[in-house]
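Novice: File name coords31.txt; file contents compact mmCIF, C-alpha atoms; full text below.
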# COMPACT_ATOMS: atom_id res chain seq x y z
CA MET A 1 107.53 127.92 117.17
CA LYS A 2 109.66 130.57 115.54
CA ASN A 3 108.87 132.64 112.50
CA LEU A 4 110.13 130.96 109.34
CA THR A 5 111.37 132.76 106.24
CA TYR A 6 110.69 131.44 102.81
CA ILE A 7 112.96 130.58 99.93
CA THR A 8 112.19 131.34 96.34
CA VAL A 9 109.49 129.70 94.29
CA LEU A 10 112.18 128.49 91.92
CA PHE A 11 113.95 126.56 94.66
CA ALA A 12 110.64 125.19 95.89
CA SER A 13 109.98 123.82 92.41
CA VAL A 14 113.38 122.13 92.41
CA VAL A 15 112.61 120.47 95.75
CA LEU A 16 109.23 119.25 94.50
CA LEU A 17 110.79 117.89 91.33
CA SER A 18 113.37 116.09 93.44
CA CYS A 19 110.60 114.48 95.53
CA ARG A 20 108.89 113.27 92.36
CA ASN A 21 112.11 111.90 90.94
CA GLN A 22 112.68 109.88 94.10
CA THR A 23 109.53 107.90 93.42
CA GLN A 24 111.33 106.40 90.40
CA ASP A 25 114.21 105.10 92.50
CA PRO A 26 113.93 101.30 92.46
CA LYS A 27 114.97 101.23 96.12
CA VAL A 28 111.88 103.28 96.94
CA ILE A 29 109.55 101.15 94.83
CA LYS A 30 110.59 97.87 96.37
CA LYS A 31 110.18 99.01 99.98
CA GLU A 32 107.69 97.04 102.04
CA GLU A 33 104.32 98.51 102.90
CA PRO A 34 104.15 100.37 106.20
CA GLN A 35 103.58 98.09 109.15
CA LEU A 36 102.43 100.50 111.85
CA THR A 37 99.83 103.24 111.59
CA ALA A 38 99.54 106.57 113.37
CA ARG A 39 96.74 105.10 115.45
CA GLU A 40 99.12 102.42 116.72
CA ILE A 41 102.05 104.78 117.27
CA LEU A 42 100.50 107.86 118.87
CA GLY A 43 99.83 107.34 122.55
CA ASN A 44 102.02 104.24 122.60
CA PRO A 45 104.53 104.58 125.49
CA ASP A 46 107.09 102.56 123.52
CA TYR A 47 107.15 105.24 120.81
CA LEU A 48 108.53 108.41 122.33
CA ALA A 49 108.12 111.60 120.28
CA ILE A 50 110.22 114.74 119.92
CA SER A 51 110.45 117.89 117.81
CA TYR A 52 113.54 117.92 115.63
CA GLY A 53 115.37 120.51 113.59
CA GLY A 54 119.04 119.64 113.82
CA TYR A 55 120.33 123.03 112.65
CA ARG A 56 123.79 123.62 114.10
CA LEU A 57 124.59 127.16 112.98
CA THR A 58 123.06 130.63 113.39
CA SER A 59 121.44 130.51 109.96
CA ARG A 60 119.38 127.92 108.12
CA ASP A 61 121.14 128.88 104.90
CA GLN A 62 123.46 125.98 105.65
CA GLN A 63 121.29 122.89 105.99
CA PRO A 64 122.34 119.87 108.07
CA THR A 65 124.00 117.28 105.85
CA ILE A 66 122.64 113.76 105.48
CA ALA A 67 125.59 112.54 107.54
CA GLU A 68 124.79 115.04 110.32
CA LEU A 69 121.13 114.05 110.28
CA LYS A 70 122.11 110.39 110.61
CA GLU A 71 124.29 111.26 113.61
CA ASP A 72 121.30 112.86 115.31
CA LEU A 73 118.87 110.11 114.34
CA LEU A 74 121.10 107.44 115.85
CA ILE A 75 121.43 109.44 119.06
CA LEU A 76 117.66 109.90 119.36
CA HIS A 77 116.97 106.29 118.44
CA ALA A 78 119.33 105.14 121.19
CA MET A 79 117.22 106.94 123.82
CA GLY A 80 113.94 105.47 122.61
CA ILE A 81 112.70 108.22 120.30
CA ARG A 82 110.64 106.71 117.50
CA ILE A 83 108.67 109.61 116.00
CA LEU A 84 109.99 113.03 114.97
CA ARG A 85 108.10 116.20 114.23
CA THR A 86 109.27 118.51 111.44
CA TYR A 87 107.82 121.93 110.60
CA ASN A 88 107.98 122.75 106.92
CA VAL A 89 108.79 121.27 103.54
CA HIS A 90 109.85 124.34 101.58
CA LEU A 91 113.42 123.90 102.85
CA PRO A 92 115.39 120.70 102.13
CA HIS A 93 115.45 119.71 105.81
CA ALA A 94 112.34 117.52 106.00
CA SER A 95 113.02 115.67 102.77
CA ASN A 96 116.60 115.09 103.89
CA VAL A 97 115.41 113.75 107.25
CA LEU A 98 113.19 111.28 105.42
CA LYS A 99 116.02 110.28 103.12
CA ALA A 100 118.35 109.77 106.08
CA ILE A 101 115.79 107.60 107.87
CA ARG A 102 115.28 105.45 104.78
CA GLU A 103 119.02 104.97 104.35
CA LEU A 104 119.40 103.97 108.00
CA LYS A 105 116.51 101.52 107.65
CA THR A 106 118.15 100.04 104.56
CA GLN A 107 121.43 99.63 106.41
CA ASP A 108 119.85 98.20 109.57
CA ALA A 109 116.44 96.52 109.52
CA SER A 110 116.05 97.11 113.26
CA PHE A 111 116.18 100.90 112.87
CA GLU A 112 112.68 102.29 113.34
CA MET A 113 111.70 105.94 113.05
CA TYR A 114 108.54 107.73 111.89
CA VAL A 115 107.74 111.35 111.07
CA MET A 116 104.97 113.84 111.76
CA LEU A 117 105.47 115.98 108.67
CA GLY A 118 104.67 119.67 109.04
CA ALA A 119 103.44 121.88 106.20
CA TRP A 120 103.96 125.56 106.98
CA ILE A 121 100.86 127.75 106.51
CA ASP A 122 100.60 131.51 106.73
CA CYS A 123 98.52 134.48 105.66
CA LYS A 124 98.76 136.76 102.65
CA ASN A 125 101.78 139.11 102.70
CA ALA A 126 103.46 137.34 105.62
CA TRP A 127 107.21 138.07 105.74
CA THR A 128 106.98 140.52 102.80
CA GLY A 129 107.00 143.88 104.55
CA LEU A 130 103.51 144.53 103.20
CA THR A 131 100.43 144.76 105.40
CA VAL A 132 99.41 141.26 106.36
CA ASP A 133 95.89 140.07 105.64
CA HIS A 134 94.81 137.45 108.17
CA ASN A 135 91.62 136.75 106.25
CA GLN A 136 93.43 135.56 103.12
CA GLU A 137 96.07 132.91 102.78
CA SER A 138 99.50 133.12 101.24
CA GLU A 139 100.00 131.91 97.68
CA ARG A 140 102.85 129.81 99.09
CA ASN A 141 100.46 127.52 100.95
CA GLU A 142 99.35 125.44 97.99
CA PRO A 143 102.86 124.46 96.82
CA GLU A 144 103.76 123.71 100.45
CA ILE A 145 100.85 121.28 100.71
CA GLN A 146 101.75 119.68 97.38
CA ARG A 147 105.32 119.13 98.54
CA ALA A 148 104.03 117.48 101.71
CA VAL A 149 101.79 115.22 99.64
CA ALA A 150 104.71 114.23 97.41
CA LEU A 151 106.84 113.34 100.41
CA ALA A 152 104.04 111.35 102.07
CA GLN A 153 103.59 109.41 98.82
CA THR A 154 107.32 108.76 98.51
CA TYR A 155 107.81 107.71 102.14
CA PRO A 156 104.54 106.05 103.26
CA ASP A 157 106.46 103.73 105.58
CA ILE A 158 107.87 106.74 107.48
CA VAL A 159 105.39 109.64 107.23
CA LYS A 160 102.50 108.79 109.54
CA VAL A 161 101.03 112.27 110.12
CA ILE A 162 100.75 115.48 108.12
CA ALA A 163 100.25 118.59 110.25
CA VAL A 164 98.72 121.53 108.38
CA GLY A 165 100.32 124.61 109.92
CA ASN A 166 102.28 125.31 113.08
CA GLU A 167 100.69 127.79 115.49
CA ALA A 168 99.01 129.14 112.38
CA MET A 169 95.68 130.04 114.01
CA VAL A 170 96.73 131.53 117.34
CA LYS A 171 96.19 135.27 117.26
CA TRP A 172 99.40 136.26 119.01
CA ALA A 173 101.24 135.02 115.89
CA GLU A 174 100.65 138.46 114.39
CA ALA A 175 103.19 138.04 111.62
CA TYR A 176 101.41 135.20 109.86
CA TYR A 177 98.29 133.69 111.49
CA VAL A 178 95.31 132.65 109.39
CA GLN A 179 91.67 132.02 110.17
CA ALA A 180 90.49 128.49 110.87
CA ASP A 181 88.84 128.20 107.45
CA VAL A 182 92.24 128.15 105.75
CA ILE A 183 93.44 125.23 107.86
CA LEU A 184 90.09 123.52 107.33
CA LYS A 185 90.41 123.89 103.55
CA TRP A 186 93.74 122.04 103.44
CA VAL A 187 92.78 119.42 106.01
CA GLU A 188 89.71 118.55 103.94
CA TYR A 189 91.85 118.50 100.80
CA LEU A 190 94.22 115.96 102.33
CA GLN A 191 91.36 113.87 103.71
CA ASN A 192 89.87 113.72 100.22
CA LEU A 193 93.19 112.53 98.80
CA LYS A 194 93.05 109.67 101.29
CA LYS A 195 89.54 108.77 100.12
CA GLU A 196 90.72 108.83 96.51
CA GLY A 197 93.59 106.48 97.30
CA LYS A 198 96.24 109.12 96.56
CA LEU A 199 97.46 109.08 100.15
CA ALA A 200 97.66 106.15 102.54
CA LYS A 201 94.28 105.59 104.17
CA ASP A 202 95.92 105.25 107.59
CA LEU A 203 97.81 108.55 107.29
CA TRP A 204 96.52 110.90 109.98
CA ILE A 205 95.84 114.56 109.23
CA THR A 206 95.89 117.28 111.89
CA SER A 207 96.99 120.84 112.59
CA SER A 208 99.42 121.61 115.40
CA ASP A 209 98.50 124.72 117.32
CA ASN A 210 98.32 126.47 120.65
CA PHE A 211 95.74 125.05 123.04
CA ALA A 212 93.74 128.29 122.83
CA SER A 213 93.33 127.88 119.08
CA TRP A 214 91.77 124.47 119.62
CA GLY A 215 89.00 125.96 121.75
CA GLY A 216 90.78 125.95 125.08
CA GLY A 217 91.12 129.73 125.03
CA GLY A 218 88.64 132.58 124.79
CA PRO A 219 85.36 132.70 122.86
CA GLU A 220 87.03 134.51 119.94
CA TYR A 221 88.29 131.08 118.87
CA HIS A 222 84.91 129.34 119.18
CA THR A 223 83.83 129.67 115.56
CA PRO A 224 81.83 127.41 113.23
CA ASP A 225 84.99 126.84 111.19
CA LEU A 226 86.90 125.64 114.23
CA GLU A 227 84.05 123.25 115.02
CA LYS A 228 84.25 121.90 111.45
CA LEU A 229 88.02 121.62 111.73
CA ILE A 230 87.82 119.61 114.94
CA LYS A 231 85.46 117.23 113.20
CA ALA A 232 87.69 117.04 110.10
CA VAL A 233 91.06 116.18 111.66
CA ASP A 234 92.00 112.67 112.76
CA TYR A 235 93.24 113.99 116.09
CA LEU A 236 94.02 117.29 117.80
CA SER A 237 97.66 118.31 118.20
CA ILE A 238 97.94 120.96 120.91
CA HIS A 239 100.76 123.13 122.29
CA THR A 240 101.21 124.09 125.92
CA TYR A 241 104.08 126.14 127.36
CA PRO A 242 103.94 126.80 131.11
CA MET A 243 107.48 128.20 130.98
CA HIS A 244 106.29 131.23 129.03
CA ASP A 245 103.57 131.86 131.59
CA THR A 246 106.02 132.01 134.46
CA HIS A 247 106.19 135.61 133.24
CA TYR A 248 102.97 136.32 131.35
CA ASN A 249 100.52 134.57 133.65
CA PRO A 250 102.36 133.40 136.76
CA ALA A 251 99.29 132.14 138.61
CA PHE A 252 101.00 128.77 139.20
CA TRP A 253 104.58 130.01 139.55
CA GLY A 254 106.58 130.98 142.59
CA VAL A 255 107.23 129.93 146.16
CA LEU A 256 104.16 129.73 148.38
CA PRO A 257 104.40 131.14 151.92
CA ASP A 258 104.15 127.69 153.54
CA GLU A 259 106.99 126.39 151.35
CA THR A 260 109.70 128.80 152.45
CA GLY A 261 111.01 126.40 155.09
CA LEU A 262 111.57 123.57 152.64
CA SER A 263 114.86 122.69 150.99
CA LYS A 264 115.81 124.26 147.68
CA THR A 265 115.11 121.11 145.69
CA GLU A 266 111.79 120.49 147.46
CA ILE A 267 110.63 124.02 146.66
CA ILE A 268 111.55 123.64 142.98
CA HIS A 269 109.85 120.26 142.74
CA LYS A 270 106.62 121.79 144.03
CA ALA A 271 106.87 124.67 141.54
CA MET A 272 107.40 122.20 138.72
CA ASP A 273 104.48 120.06 139.91
CA ARG A 274 102.29 123.15 139.56
CA SER A 275 103.79 123.81 136.12
CA LEU A 276 102.79 120.33 135.00
CA ALA A 277 99.30 120.79 136.45
CA TYR A 278 99.01 124.06 134.53
CA ALA A 279 99.90 122.31 131.27
CA VAL A 280 97.43 119.53 132.00
CA SER A 281 94.72 122.10 132.68
CA GLN A 282 95.25 123.52 129.19
CA PHE A 283 95.08 120.02 127.72
CA ASP A 284 91.85 119.44 129.64
CA SER A 285 90.39 122.76 128.45
CA VAL A 286 90.68 121.56 124.85
CA ARG A 287 89.17 118.20 125.71
CA HIS A 288 86.27 119.92 127.45
CA TYR A 289 85.57 122.14 124.44
CA MET A 290 85.82 119.23 122.03
CA LYS A 291 83.36 117.19 124.06
CA SER A 292 80.99 120.16 124.25
CA LEU A 293 80.72 119.81 120.46
CA GLY A 294 79.79 116.15 120.80
CA VAL A 295 83.16 115.07 119.40
CA GLU A 296 85.32 112.27 120.78
CA LYS A 297 88.76 111.78 119.26
CA PRO A 298 92.39 111.61 120.40
CA ILE A 299 94.29 114.64 121.65
CA HIS A 300 98.09 114.60 121.74
CA ILE A 301 100.66 117.21 122.72
CA GLY A 302 102.28 118.45 119.52
CA GLU A 303 104.65 120.70 121.40
CA THR A 304 105.74 121.51 124.92
CA GLY A 305 109.11 122.25 126.39
CA TRP A 306 111.23 124.16 128.88
CA ALA A 307 114.35 126.18 128.07
CA SER A 308 117.53 125.57 130.04
CA TYR A 309 118.75 129.15 129.82
CA SER A 310 117.48 132.66 129.14
CA ASN A 311 118.79 136.17 129.57
CA GLU A 312 115.25 137.50 129.12
CA LEU A 313 111.90 137.36 130.89
CA TYR A 314 112.32 133.78 132.14
CA GLY A 315 115.92 133.99 133.29
CA ASN A 316 117.71 134.99 136.44
CA SER A 317 116.61 138.63 136.21
CA GLY A 318 113.00 137.60 135.48
CA SER A 319 110.89 134.66 136.65
CA LYS A 320 114.00 132.55 137.36
CA ALA A 321 112.46 129.63 135.49
CA THR A 322 115.17 128.58 133.08
CA ASP A 323 117.96 126.22 134.05
CA GLU A 324 118.83 122.60 133.37
CA TYR A 325 117.41 121.39 136.68
CA LYS A 326 113.94 122.80 136.11
CA GLN A 327 114.02 121.70 132.49
CA ALA A 328 114.81 118.17 133.63
CA LEU A 329 111.98 118.12 136.15
CA TYR A 330 109.46 119.34 133.58
CA TYR A 331 110.67 116.82 131.03
CA GLN A 332 110.51 113.93 133.46
CA LYS A 333 107.15 114.88 134.95
CA MET A 334 105.60 115.47 131.53
CA ARG A 335 106.94 112.19 130.17
CA LYS A 336 105.52 110.36 133.20
CA TRP A 337 102.11 112.01 132.83
CA SER A 338 101.93 111.38 129.09
CA ARG A 339 102.88 107.73 129.49
CA GLU A 340 100.28 107.18 132.19
CA ASN A 341 97.59 108.89 130.11
CA GLN A 342 98.58 107.36 126.77
CA VAL A 343 99.23 110.76 125.25
CA SER A 344 102.05 111.31 122.79
CA CYS A 345 104.18 114.30 123.72
CA PHE A 346 106.44 115.88 121.11
CA PHE A 347 108.87 117.47 123.51
CA PHE A 348 110.43 120.64 122.16
CA GLU A 349 113.14 119.89 121.30
CA ALA A 350 115.94 117.43 120.59
CA PHE A 351 118.99 119.71 120.14
CA ASP A 352 119.61 123.40 120.77
CA GLU A 353 119.29 125.41 117.55
CA PRO A 354 121.17 128.73 117.54
CA TRP A 355 119.40 130.10 114.45
CA LYS A 356 116.17 130.62 116.34
CA ASP A 357 117.40 133.81 118.00
CA ALA A 358 120.64 134.45 116.15
CA GLN A 359 120.85 138.06 117.35
CA ASN A 360 120.72 136.99 121.00
CA PRO A 361 122.73 133.81 121.61
CA GLN A 362 121.59 133.69 125.24
CA GLY A 363 117.90 133.96 124.36
CA SER A 364 115.58 131.19 125.50
CA GLU A 365 114.63 130.13 121.96
CA ASN A 366 118.17 128.86 121.45
CA HIS A 367 118.12 126.64 124.55
CA PHE A 368 115.13 124.31 124.43
CA GLY A 369 117.13 121.23 123.42
CA LEU A 370 117.79 118.18 125.55
CA PHE A 371 121.27 118.31 124.00
CA THR A 372 123.53 121.29 123.41
CA VAL A 373 124.64 122.09 119.87
CA GLU A 374 127.94 120.38 120.68
CA GLY A 375 126.11 117.19 121.63
CA GLN A 376 126.39 117.40 125.39
CA ALA A 377 123.49 115.79 127.21
CA LYS A 378 121.71 118.19 129.54
CA PHE A 379 120.66 117.15 133.04
CA SER A 380 117.32 115.82 131.72
CA ILE A 381 119.07 112.86 130.13
CA TRP A 382 122.25 112.34 132.16
CA GLU A 383 120.87 108.94 133.10
CA TRP A 384 121.08 107.85 129.46
CA VAL A 385 124.79 108.68 129.45
CA ASP A 386 125.22 106.69 132.66
CA LYS A 387 123.47 103.72 131.06
CA GLY A 388 125.91 103.81 128.17
CA VAL A 389 123.22 104.10 125.49
CA PHE A 390 125.29 106.67 123.58
CA THR A 391 128.49 104.63 123.57
CA GLY A 392 130.08 104.88 120.14
CA LEU A 393 127.82 107.75 119.06
CA SER A 394 128.93 111.33 118.49
CA ARG A 395 127.86 114.73 117.21
CA SER A 396 130.25 116.69 115.02
CA GLY A 397 132.99 114.25 115.99
CA LYS A 398 132.49 114.71 119.73
CA PRO A 399 131.26 111.81 121.90
CA ILE A 400 128.10 112.37 123.95
CA SER A 401 129.04 113.67 127.39
CA LYS A 402 127.27 115.41 130.26
CA THR A 403 126.99 119.14 130.77
CA TYR A 404 128.71 120.48 133.90
CA LYS A 405 131.12 117.53 133.50
CA GLY A 406 128.46 115.49 135.23
CA ASP A 407 128.79 117.42 138.51
CA GLU A 408 125.26 117.84 139.86
CA GLU A 409 126.43 120.00 142.75
CA SER A 410 127.95 122.52 140.34
CA LEU A 411 124.70 122.54 138.36
CA LEU A 412 122.58 123.13 141.46
CA GLN A 413 124.75 126.08 142.52
CA GLU A 414 123.49 127.97 139.46
CA VAL A 415 119.82 127.08 140.05
CA LEU A 416 117.77 129.91 141.54
CA LEU A 417 114.53 129.65 143.47
CA PRO A 418 111.43 131.15 141.84
CA PRO A 419 110.24 134.43 143.36
CA VAL A 420 107.95 134.22 146.35
CA LYS A 421 104.31 134.69 145.42
CA ASP A 422 103.86 138.18 146.88
CA GLU A 423 106.85 139.41 144.85
CA ILE A 424 105.23 138.08 141.67
CA LEU A 425 101.96 139.79 142.45
CA ARG A 426 103.68 143.13 143.15
CA SER A 427 105.63 142.96 139.86
CA HIS A 428 102.41 142.45 137.86
Take the structure in the file and write it out as structure tokens.
Specialist:
Amino acid sequence: MKNLTYITVLFASVVLLSCRNQTQDPKVIKKEEPQLTAREILGNPDYLAISYGGYRLTSRDQQPTIAELKEDLLILHAMGIRILRTYNVHLPHASNVLKAIRELKTQDASFEMYVMLGAWIDCKNAWTGLTVDHNQESERNEPEIQRAVALAQTYPDIVKVIAVGNEAMVKWAEAYYVQADVILKWVEYLQNLKKEGKLAKDLWITSSDNFASWGGGGPEYHTPDLEKLIKAVDYLSIHTYPMHDTHYNPAFWGVLPDETGLSKTEIIHKAMDRSLAYAVSQFDSVRHYMKSLGVEKPIHIGETGWASYSNELYGNSGSKATDEYKQALYYQKMRKWSRENQVSCFFFEAFDEPWKDAQNPQGSENHFGLFTVEGQAKFSIWEWVDKGVFTGLSRSGKPISKTYKGDEESLLQEVLLPPVKDEILRSH
């Protein structure tokens, strides 16, 4: 969900060569054929999904090591996560995640983890300082797709989905968005590779984008190319972020007049119920548009989340939306809804990643994780600490513990009520 910078073409070639060389490893060749397909995994309540980066520093110049990735994978596996979403393949991260998973599977046959592999897509001149051209694609897109193909071929037992682009069509992504025909081109390319037997026939192809880009927004998105894209993908992967709209479109946010007499926790629960309903309404808007085209196929949530801290628009001087208590309620309510509706939800995200807004350590982008960078479990998952599922596990040498030293009263003292509705209306 953040802008990504690119490394050199030379380094990209080295990564691709490395992927190809791995196919000659006898350990890779003798691996068993994949047992589960994307169709069986997505929407399955026993296969929880999450977005994963694992970067621990303020720059991605220093990639997580294989050992660090294994630490994180064991932590996530312990809490029932079985499918990860990655975002690009031009950096070593995704290939290293796949390597770490394979090594863990080799060491322990009961270890099970799958990947939704992202291929980053952007427009011509993105990140160059030149004028961007949203009607043409970047020359970096083709090698990115080829790297994704190489990884899917090398790890067919792990890679179950390839996502072409991340928020690559939504028009507020001014720095890099492309038109739907670019995404369509690469989706069709990958689907043809499946038909030719060059990719696993059960590999699912999608694009992961804002709900508006999938037809749930304004008519500017309702193009013939989008209609073709919806028909070309195996399923729709949509993003919904009510937290952001506690500021930009706070129709659902705030304390209603008849709620002012309730307790603090009751008021916040009601606000978070409306937040969930808002997210579901965006999900339903995509489903409605898809059905209007005469199409019936799965829709899953490729990204949603709630930051636990912000010194910006969503924090204590803004919409008062970001704290661990509200994050926990959104996480729990969204997980419950997705289970009941057999929708996979890639919650954003596993661990805080300080590189996302390195210039502002207190910015919301750095605080979407269910765990802190140090490996402390936020309020959302205190129960997993209580159950002992993390016993013996650690991050950077530190055992998994609770934030606030496990003192819920101390946590609640920092939780603020949302503004009352008339205050919101006056401020907008």
Novice: Please measure the separation of atom CA of Ile267 of chain A and atom CA of Phe283 of chain A, giving the value in Å to one decimal.
Specialist: 24.8 Å
Novice: Counting all atoms listed in the file, figure out which residue out of A:Ser380, A:Tyr47, A:Val182, A:Gly53 gets nearest to Pro354 of chain A.
Specialist: A:Gly53
Novice: Here is a test: counting all atoms listed in the file, which residue of A:Leu236, A:Ile230, A:Ala271, A:Val97 is nearest to Ala251 of chain A?
Specialist: A:Ala271
Novice: When you look at His288 of chain A with a cut-off of 9 Å (counting only C-alpha atoms), what residues show up, excluding the ones that are within fewer than 4 positions of it in the same chain? I need them as a PyMOL selection string.
Specialist: chain A and resi 215-216+283-284+292-293
Novice: Tell me, as a ChimeraX atom specification, which residues lie within 10 Å of Ile81 of chain A, counting only C-alpha atoms; anything in the same chain fewer than 4 positions away does not count.
Specialist: /A:46-50,73-77,112-114,346,350
Novice: Nearest residue to Glu144 of chain A out of A:His247, A:Lys99, A:His90, A:Lys333, using only C-alpha atoms?
Specialist: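 Checking each candidate against Glu144 of chain A, we get A:His90 as the closest.
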Novice: Distance atom CA of Asn341 of chain A-atom CA of Phe211 of chain A, one decimal place?
Specialist: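 That distance, rounded to one decimal, is 17.7 Å.
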Novice: Which distance in Å separates atom CA of Lys405 of chain A and atom CA of Leu262 of chain A, to one decimal?
Specialist: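 Separation of atom CA of Lys405 of chain A and atom CA of Leu262 of chain A: 28.0 Å.
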Novice: Using only C-alpha atoms, can you tell me which of A:Glu296, A:Asp352, A:Glu324, A:Asp72 comes closest to Ser394 of chain A?
Specialist: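 Residue with the minimum atom-to-atom distance to Ser394 of chain A: A:Asp72.
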Novice: Show me, as JSON lines, the residues of segment 154-176 of chain A having an atom within 9 Å of segment 190-207 of chain A, each with the closest atom pair and its distance in Å, using all atoms listed in the file.
Specialist:
{"residue": "A:Pro156", "atom": "CA", "partner": "A:Ala200", "partner_atom": "CA", "distance": 6.9}
{"residue": "A:Val159", "atom": "CA", "partner": "A:Leu203", "partner_atom": "CA", "distance": 7.7}
{"residue": "A:Lys160", "atom": "CA", "partner": "A:Leu203", "partner_atom": "CA", "distance": 5.2}
{"residue": "A:Val161", "atom": "CA", "partner": "A:Trp204", "partner_atom": "CA", "distance": 4.7}
{"residue": "A:Ile162", "atom": "CA", "partner": "A:Ile205", "partner_atom": "CA", "distance": 5.1}
{"residue": "A:Ala163", "atom": "CA", "partner": "A:Ser207", "partner_atom": "CA", "distance": 4.6}
{"residue": "A:Val164", "atom": "CA", "partner": "A:Ser207", "partner_atom": "CA", "distance": 4.6}
{"residue": "A:Gly165", "atom": "CA", "partner": "A:Ser207", "partner_atom": "CA", "distance": 5.7}
{"residue": "A:Asn166", "atom": "CA", "partner": "A:Ser207", "partner_atom": "CA", "distance": 6.9}
{"residue": "A:Glu167", "atom": "CA", "partner": "A:Ser207", "partner_atom": "CA", "distance": 8.4}
{"residue": "A:Ala168", "atom": "CA", "partner": "A:Ser207", "partner_atom": "CA", "distance": 8.5}
Novice: Just checking: using all atoms listed in the file, which residue out of A:Lys378, A:Tyr309, A:Ala277, A:Cys345 ends up closest to Ser237 of chain A?
Specialist: A:Cys345
Novice: Identify which of the residues A:Gln359, A:Ser364, A:Ser213, A:Thr372 lies closest to Ser59 of chain A, counting all atoms listed in the file when measuring atom-to-atom distances.
Specialist: A:Gln359
Novice: Using all atoms listed in the file, determine which residues lie at most 10 Å from Arg274 of chain A, disregarding the query and same-chain residues fewer than 2 positions distant; provide the list as a PDB file with C-alpha atoms, in the coordinates of the input.
Specialist:
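around.pdb was written with the following content:
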ATOM      1  CA  PRO A 242     103.940 126.800 131.110  1.00  0.00           C
ATOM      2  CA  ALA A 251      99.290 132.140 138.610  1.00  0.00           C
ATOM      3  CA  PHE A 252     101.000 128.770 139.200  1.00  0.00           C
ATOM      4  CA  TRP A 253     104.580 130.010 139.550  1.00  0.00           C
ATOM      5  CA  GLY A 254     106.580 130.980 142.590  1.00  0.00           C
ATOM      6  CA  ILE A 268     111.550 123.640 142.980  1.00  0.00           C
ATOM      7  CA  HIS A 269     109.850 120.260 142.740  1.00  0.00           C
ATOM      8  CA  LYS A 270     106.620 121.790 144.030  1.00  0.00           C
ATOM      9  CA  ALA A 271     106.870 124.670 141.540  1.00  0.00           C
ATOM     10  CA  MET A 272     107.400 122.200 138.720  1.00  0.00           C
ATOM     11  CA  LEU A 276     102.790 120.330 135.000  1.00  0.00           C
ATOM     12  CA  ALA A 277      99.300 120.790 136.450  1.00  0.00           C
ATOM     13  CA  TYR A 278      99.010 124.060 134.530  1.00  0.00           C
ATOM     14  CA  ALA A 279      99.900 122.310 131.270  1.00  0.00           C
ATOM     15  CA  VAL A 280      97.430 119.530 132.000  1.00  0.00           C
TER      16      VAL A 280
END
Novice: Tell me, as a count of residues only, which residues lie within 10 Å of Leu184 of chain A, counting all atoms listed in the file; anything in the same chain fewer than 4 positions away does not count.
Specialist: 17
Novice: For Tyr248 of chain A, work out the shell of residues within 10 Å, counting all atoms listed in the file and skipping chain neighbours fewer than 5 positions away, then give it as a ChimeraX atom specification.
Specialist: /A:242-243,313-314,319,428
